[in-house]
Structure formats: structure tokens, C-alpha cells
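Structure file structure.cif with mmCIF, N, CA and C atoms; chains and numbers go by the auth columns:
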```
data_upload
#
loop_
_atom_site.group_PDB
_atom_site.id
_atom_site.type_symbol
_atom_site.label_atom_id
_atom_site.label_comp_id
_atom_site.label_asym_id
_atom_site.label_seq_id
_atom_site.Cartn_x
_atom_site.Cartn_y
_atom_site.Cartn_z
_atom_site.B_iso_or_equiv
_atom_site.auth_seq_id
_atom_site.auth_asym_id
ATOM 1 N N MET A 1 2.481 16.697 6.711 0.00 1 A
ATOM 2 C CA MET A 1 2.936 16.083 5.478 0.00 1 A
ATOM 3 C C MET A 1 3.411 17.162 4.505 0.00 1 A
ATOM 4 N N LEU A 2 4.526 16.945 3.890 0.00 2 A
ATOM 5 C CA LEU A 2 5.085 17.865 2.917 0.00 2 A
ATOM 6 C C LEU A 2 4.424 17.641 1.565 0.00 2 A
ATOM 7 N N ARG A 3 3.855 18.699 1.011 0.00 3 A
ATOM 8 C CA ARG A 3 3.225 18.588 -0.303 0.00 3 A
ATOM 9 C C ARG A 3 4.164 19.139 -1.361 0.00 3 A
ATOM 10 N N ARG A 4 4.206 18.491 -2.497 0.00 4 A
ATOM 11 C CA ARG A 4 4.993 18.958 -3.634 0.00 4 A
ATOM 12 C C ARG A 4 4.055 19.678 -4.592 0.00 4 A
ATOM 13 N N PHE A 5 4.191 20.993 -4.656 0.00 5 A
ATOM 14 C CA PHE A 5 3.334 21.782 -5.528 0.00 5 A
ATOM 15 C C PHE A 5 3.948 21.876 -6.917 0.00 5 A
ATOM 16 N N ARG A 6 3.086 21.867 -7.897 0.00 6 A
ATOM 17 C CA ARG A 6 3.511 22.043 -9.285 0.00 6 A
ATOM 18 C C ARG A 6 2.597 23.082 -9.926 0.00 6 A
ATOM 19 N N ASN A 7 3.005 23.582 -11.042 0.00 7 A
ATOM 20 C CA ASN A 7 2.212 24.568 -11.781 0.00 7 A
ATOM 21 C C ASN A 7 1.847 25.749 -10.885 0.00 7 A
ATOM 22 N N VAL A 8 2.835 26.334 -10.233 0.00 8 A
ATOM 23 C CA VAL A 8 2.612 27.444 -9.305 0.00 8 A
ATOM 24 C C VAL A 8 2.645 28.760 -10.077 0.00 8 A
ATOM 25 N N ILE A 9 1.620 29.599 -9.837 0.00 9 A
ATOM 26 C CA ILE A 9 1.591 30.946 -10.415 0.00 9 A
ATOM 27 C C ILE A 9 1.361 31.941 -9.293 0.00 9 A
ATOM 28 N N ARG A 10 1.699 33.182 -9.558 0.00 10 A
ATOM 29 C CA ARG A 10 1.520 34.247 -8.575 0.00 10 A
ATOM 30 C C ARG A 10 0.580 35.289 -9.157 0.00 10 A
ATOM 31 N N LEU A 11 -0.481 35.595 -8.417 0.00 11 A
ATOM 32 C CA LEU A 11 -1.443 36.633 -8.797 0.00 11 A
ATOM 33 C C LEU A 11 -1.470 37.651 -7.670 0.00 11 A
ATOM 34 N N GLY A 12 -0.715 38.719 -7.821 0.00 12 A
ATOM 35 C CA GLY A 12 -0.567 39.677 -6.727 0.00 12 A
ATOM 36 C C GLY A 12 0.191 39.010 -5.588 0.00 12 A
ATOM 37 N N PRO A 13 -0.307 39.153 -4.358 0.00 13 A
ATOM 38 C CA PRO A 13 0.372 38.508 -3.232 0.00 13 A
ATOM 39 C C PRO A 13 -0.017 37.041 -3.053 0.00 13 A
ATOM 40 N N VAL A 14 -0.934 36.546 -3.879 0.00 14 A
ATOM 41 C CA VAL A 14 -1.455 35.187 -3.710 0.00 14 A
ATOM 42 C C VAL A 14 -0.786 34.236 -4.692 0.00 14 A
ATOM 43 N N ARG A 15 -0.378 33.083 -4.174 0.00 15 A
ATOM 44 C CA ARG A 15 0.172 32.022 -5.020 0.00 15 A
ATOM 45 C C ARG A 15 -0.847 30.906 -5.144 0.00 15 A
ATOM 46 N N VAL A 16 -0.956 30.359 -6.354 0.00 16 A
ATOM 47 C CA VAL A 16 -1.855 29.240 -6.623 0.00 16 A
ATOM 48 C C VAL A 16 -1.007 28.078 -7.102 0.00 16 A
ATOM 49 N N GLY A 17 -1.199 26.918 -6.489 0.00 17 A
ATOM 50 C CA GLY A 17 -0.436 25.733 -6.857 0.00 17 A
ATOM 51 C C GLY A 17 -1.311 24.496 -6.861 0.00 17 A
ATOM 52 N N THR A 18 -0.838 23.461 -7.547 0.00 18 A
ATOM 53 C CA THR A 18 -1.552 22.198 -7.661 0.00 18 A
ATOM 54 C C THR A 18 -0.741 21.112 -6.973 0.00 18 A
ATOM 55 N N ALA A 19 -1.434 20.265 -6.208 0.00 19 A
ATOM 56 C CA ALA A 19 -0.777 19.156 -5.507 0.00 19 A
ATOM 57 C C ALA A 19 -1.775 18.018 -5.348 0.00 19 A
ATOM 58 N N SER A 20 -1.268 16.861 -4.988 0.00 20 A
ATOM 59 C CA SER A 20 -2.123 15.710 -4.707 0.00 20 A
ATOM 60 C C SER A 20 -2.214 15.519 -3.193 0.00 20 A
ATOM 61 N N ASP A 21 -3.399 15.149 -2.709 0.00 21 A
ATOM 62 C CA ASP A 21 -3.549 14.899 -1.280 0.00 21 A
ATOM 63 C C ASP A 21 -3.157 13.463 -0.957 0.00 21 A
ATOM 64 N N GLN A 22 -3.383 13.037 0.280 0.00 22 A
ATOM 65 C CA GLN A 22 -2.952 11.711 0.724 0.00 22 A
ATOM 66 C C GLN A 22 -3.664 10.580 -0.028 0.00 22 A
ATOM 67 N N ARG A 23 -4.838 10.856 -0.541 0.00 23 A
ATOM 68 C CA ARG A 23 -5.607 9.838 -1.260 0.00 23 A
ATOM 69 C C ARG A 23 -5.398 9.870 -2.764 0.00 23 A
ATOM 70 N N GLY A 24 -4.498 10.711 -3.219 0.00 24 A
ATOM 71 C CA GLY A 24 -4.186 10.778 -4.636 0.00 24 A
ATOM 72 C C GLY A 24 -5.074 11.711 -5.436 0.00 24 A
ATOM 73 N N ARG A 25 -5.968 12.425 -4.772 0.00 25 A
ATOM 74 C CA ARG A 25 -6.833 13.380 -5.469 0.00 25 A
ATOM 75 C C ARG A 25 -6.067 14.678 -5.707 0.00 25 A
ATOM 76 N N VAL A 26 -6.348 15.318 -6.824 0.00 26 A
ATOM 77 C CA VAL A 26 -5.688 16.577 -7.167 0.00 26 A
ATOM 78 C C VAL A 26 -6.426 17.713 -6.474 0.00 26 A
ATOM 79 N N LYS A 27 -5.678 18.562 -5.783 0.00 27 A
ATOM 80 C CA LYS A 27 -6.226 19.734 -5.109 0.00 27 A
ATOM 81 C C LYS A 27 -5.474 20.965 -5.588 0.00 27 A
ATOM 82 N N HIS A 28 -6.170 22.075 -5.630 0.00 28 A
ATOM 83 C CA HIS A 28 -5.593 23.347 -6.028 0.00 28 A
ATOM 84 C C HIS A 28 -5.662 24.266 -4.817 0.00 28 A
ATOM 85 N N THR A 29 -4.543 24.883 -4.468 0.00 29 A
ATOM 86 C CA THR A 29 -4.439 25.669 -3.250 0.00 29 A
ATOM 87 C C THR A 29 -4.096 27.108 -3.579 0.00 29 A
ATOM 88 N N ALA A 30 -4.780 28.038 -2.893 0.00 30 A
ATOM 89 C CA ALA A 30 -4.480 29.464 -2.995 0.00 30 A
ATOM 90 C C ALA A 30 -3.995 29.928 -1.627 0.00 30 A
ATOM 91 N N VAL A 31 -2.821 30.590 -1.599 0.00 31 A
ATOM 92 C CA VAL A 31 -2.211 31.026 -0.341 0.00 31 A
ATOM 93 C C VAL A 31 -1.703 32.453 -0.500 0.00 31 A
ATOM 94 N N CYS A 32 -2.071 33.311 0.457 0.00 32 A
ATOM 95 C CA CYS A 32 -1.583 34.691 0.434 0.00 32 A
ATOM 96 C C CYS A 32 -0.233 34.745 1.139 0.00 32 A
ATOM 97 N N THR A 33 0.735 35.420 0.524 0.00 33 A
ATOM 98 C CA THR A 33 2.089 35.510 1.073 0.00 33 A
ATOM 99 C C THR A 33 2.358 36.845 1.765 0.00 33 A
ATOM 100 N N ALA A 34 1.325 37.683 1.897 0.00 34 A
ATOM 101 C CA ALA A 34 1.505 38.972 2.562 0.00 34 A
ATOM 102 C C ALA A 34 1.718 38.770 4.064 0.00 34 A
ATOM 103 N N PRO A 35 2.497 39.645 4.696 0.00 35 A
ATOM 104 C CA PRO A 35 2.722 39.513 6.143 0.00 35 A
ATOM 105 C C PRO A 35 1.409 39.629 6.922 0.00 35 A
ATOM 106 N N ARG A 36 1.244 38.785 7.904 0.00 36 A
ATOM 107 C CA ARG A 36 0.099 38.759 8.821 0.00 36 A
ATOM 108 C C ARG A 36 -1.230 38.456 8.137 0.00 36 A
ATOM 109 N N CYS A 37 -1.224 37.937 6.943 0.00 37 A
ATOM 110 C CA CYS A 37 -2.460 37.511 6.285 0.00 37 A
ATOM 111 C C CYS A 37 -2.509 35.984 6.348 0.00 37 A
ATOM 112 N N ASP A 38 -3.560 35.454 6.904 0.00 38 A
ATOM 113 C CA ASP A 38 -3.664 34.012 7.114 0.00 38 A
ATOM 114 C C ASP A 38 -4.529 33.314 6.072 0.00 38 A
ATOM 115 N N PHE A 39 -4.704 33.909 4.907 0.00 39 A
ATOM 116 C CA PHE A 39 -5.578 33.315 3.903 0.00 39 A
ATOM 117 C C PHE A 39 -4.918 32.124 3.222 0.00 39 A
ATOM 118 N N SER A 40 -5.591 30.992 3.244 0.00 40 A
ATOM 119 C CA SER A 40 -5.217 29.831 2.447 0.00 40 A
ATOM 120 C C SER A 40 -6.450 28.948 2.326 0.00 40 A
ATOM 121 N N ALA A 41 -6.629 28.345 1.160 0.00 41 A
ATOM 122 C CA ALA A 41 -7.793 27.490 0.942 0.00 41 A
ATOM 123 C C ALA A 41 -7.493 26.487 -0.161 0.00 41 A
ATOM 124 N N ASP A 42 -8.119 25.309 -0.046 0.00 42 A
ATOM 125 C CA ASP A 42 -8.021 24.266 -1.064 0.00 42 A
ATOM 126 C C ASP A 42 -9.293 24.269 -1.902 0.00 42 A
ATOM 127 N N TYR A 43 -9.133 24.036 -3.189 0.00 43 A
ATOM 128 C CA TYR A 43 -10.260 24.015 -4.121 0.00 43 A
ATOM 129 C C TYR A 43 -10.170 22.778 -4.996 0.00 43 A
ATOM 130 N N ASP A 44 -11.325 22.368 -5.523 0.00 44 A
ATOM 131 C CA ASP A 44 -11.374 21.195 -6.401 0.00 44 A
ATOM 132 C C ASP A 44 -10.962 21.526 -7.834 0.00 44 A
ATOM 133 N N THR A 45 -11.140 22.785 -8.247 0.00 45 A
ATOM 134 C CA THR A 45 -10.792 23.167 -9.618 0.00 45 A
ATOM 135 C C THR A 45 -9.768 24.293 -9.612 0.00 45 A
ATOM 136 N N ARG A 46 -8.980 24.323 -10.644 0.00 46 A
ATOM 137 C CA ARG A 46 -7.964 25.371 -10.796 0.00 46 A
ATOM 138 C C ARG A 46 -8.625 26.740 -10.984 0.00 46 A
ATOM 139 N N ALA A 47 -9.734 26.765 -11.719 0.00 47 A
ATOM 140 C CA ALA A 47 -10.442 28.021 -11.965 0.00 47 A
ATOM 141 C C ALA A 47 -10.935 28.643 -10.660 0.00 47 A
ATOM 142 N N ALA A 48 -11.428 27.827 -9.740 0.00 48 A
ATOM 143 C CA ALA A 48 -11.903 28.341 -8.460 0.00 48 A
ATOM 144 C C ALA A 48 -10.750 28.919 -7.640 0.00 48 A
ATOM 145 N N ALA A 49 -9.615 28.258 -7.648 0.00 49 A
ATOM 146 C CA ALA A 49 -8.455 28.752 -6.907 0.00 49 A
ATOM 147 C C ALA A 49 -7.945 30.068 -7.497 0.00 49 A
ATOM 148 N N GLU A 50 -7.915 30.167 -8.817 0.00 50 A
ATOM 149 C CA GLU A 50 -7.465 31.411 -9.452 0.00 50 A
ATOM 150 C C GLU A 50 -8.455 32.546 -9.215 0.00 50 A
ATOM 151 N N LEU A 51 -9.750 32.249 -9.209 0.00 51 A
ATOM 152 C CA LEU A 51 -10.754 33.271 -8.909 0.00 51 A
ATOM 153 C C LEU A 51 -10.588 33.782 -7.484 0.00 51 A
ATOM 154 N N ALA A 52 -10.360 32.884 -6.548 0.00 52 A
ATOM 155 C CA ALA A 52 -10.131 33.290 -5.161 0.00 52 A
ATOM 156 C C ALA A 52 -8.879 34.161 -5.058 0.00 52 A
ATOM 157 N N ALA A 53 -7.854 33.830 -5.806 0.00 53 A
ATOM 158 C CA ALA A 53 -6.618 34.616 -5.780 0.00 53 A
ATOM 159 C C ALA A 53 -6.844 36.014 -6.351 0.00 53 A
ATOM 160 N N ARG A 54 -7.614 36.100 -7.410 0.00 54 A
ATOM 161 C CA ARG A 54 -7.854 37.409 -8.035 0.00 54 A
ATOM 162 C C ARG A 54 -8.730 38.310 -7.171 0.00 54 A
ATOM 163 N N THR A 55 -9.667 37.733 -6.427 0.00 55 A
ATOM 164 C CA THR A 55 -10.616 38.539 -5.650 0.00 55 A
ATOM 165 C C THR A 55 -10.214 38.690 -4.184 0.00 55 A
ATOM 166 N N HIS A 56 -9.108 38.086 -3.752 0.00 56 A
ATOM 167 C CA HIS A 56 -8.676 38.163 -2.359 0.00 56 A
ATOM 168 C C HIS A 56 -8.226 39.573 -2.005 0.00 56 A
ATOM 169 N N ARG A 57 -8.685 40.032 -0.847 0.00 57 A
ATOM 170 C CA ARG A 57 -8.227 41.295 -0.295 0.00 57 A
ATOM 171 C C ARG A 57 -7.754 41.029 1.114 0.00 57 A
ATOM 172 N N CYS A 58 -6.534 41.412 1.400 0.00 58 A
ATOM 173 C CA CYS A 58 -5.981 41.187 2.738 0.00 58 A
ATOM 174 C C CYS A 58 -6.716 42.067 3.752 0.00 58 A
ATOM 175 N N PRO A 59 -7.026 41.533 4.924 0.00 59 A
ATOM 176 C CA PRO A 59 -7.682 42.342 5.942 0.00 59 A
ATOM 177 C C PRO A 59 -6.738 43.416 6.485 0.00 59 A
ATOM 178 N N ILE A 60 -7.270 44.565 6.795 0.00 60 A
ATOM 179 C CA ILE A 60 -6.470 45.648 7.368 0.00 60 A
ATOM 180 C C ILE A 60 -6.374 45.415 8.857 0.00 60 A
ATOM 181 N N ARG A 61 -5.143 45.365 9.374 0.00 61 A
ATOM 182 C CA ARG A 61 -4.948 45.115 10.809 0.00 61 A
ATOM 183 C C ARG A 61 -4.302 46.295 11.453 0.00 61 A
#
```
Rewrite the structure from the file as C-alpha cells, please.
Amino acid sequence: MLRRFRNVIRLGPVRVGTASDQRGRVKHTAVCTAPRCDFSADYDTRAAAELAARTHRCPIR
């Protein structure tokens, strides 16, 4: 399913965006855009997603 993100910000290599899921609940997603980094997670609050974005460290491969 294609999600429409709104209120997208970038904190380093991580982007945080807000979208609604299939049931209409608001979810906040943090996704790392660095090459070969598979970090992405959904959070219930915007503050939690931004905290994850600020503290994320890409694994060294």
C-alpha cells in the first residue's frame, strides 16, 4: 500500500514523516536514507520518532 507522508523532516540521514495506516490511525515513521542501512520503524508519537532519528547510528559494514 502506498502511504502519503506529510510533515516530513530530515535529521541527518534519517527522515521522519507522518501518515495514516489502513485503519485511520496516525503513525510516525523514521527511515534512514543512507546506503545499505535498513533502519525504519513506526512510532505512536512524533517525539518518539524524532528521538529515534536523533540517536540513530548506521551500522558499520
Result set of the PyMOL selection byres (((chain A and resi 1-17 and name CA) around 7) and name CA) on the coordinates above, as a ChimeraX atom specification: /A:18-19,28-34,49-50,53-54
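Note that the spacing between atom CA of A:Thr55 and atom N of A:Arg25 amounts to 26.5 Å.
Rounded to one decimal, atom CA of A:Arg57 and atom CA of A:Phe39 lie 9.4 Å from each other.
For the pair atom CA of A:Gln22 and atom CA of A:Ala47, the interatomic distance is 22.0 Å.
Residues of stretch 4-60 of chain A that DSSP, applied to the backbone, places in strand (DSSP E or B): Arg6, Asn7, Val8, Ile9, Arg10, Leu11, Val14, Arg15, Val16, Gly17, Thr18, Ala19, Ser20, Val26, Lys27, His28, Thr29, Ala30, Val31, Cys32, Ser40, Ala41, Asp42 and Tyr43 of chain A.
Selecting by distance to (-15.0, 22.8, -3.4) with a limit of 12 Å and using only C-alpha atoms, one obtains Val26, Lys27, His28, Thr29, Ala41, Asp42, Tyr43, Asp44, Thr45, Arg46, Ala47, Ala48, Ala49 and Ala52 of chain A.
Backbone DSSP over chain A yields alpha helix (DSSP H) at Arg46, Ala47, Ala48, Ala49, Glu50, Leu51, Ala52, Ala53, Arg54 and Thr55 of chain A.
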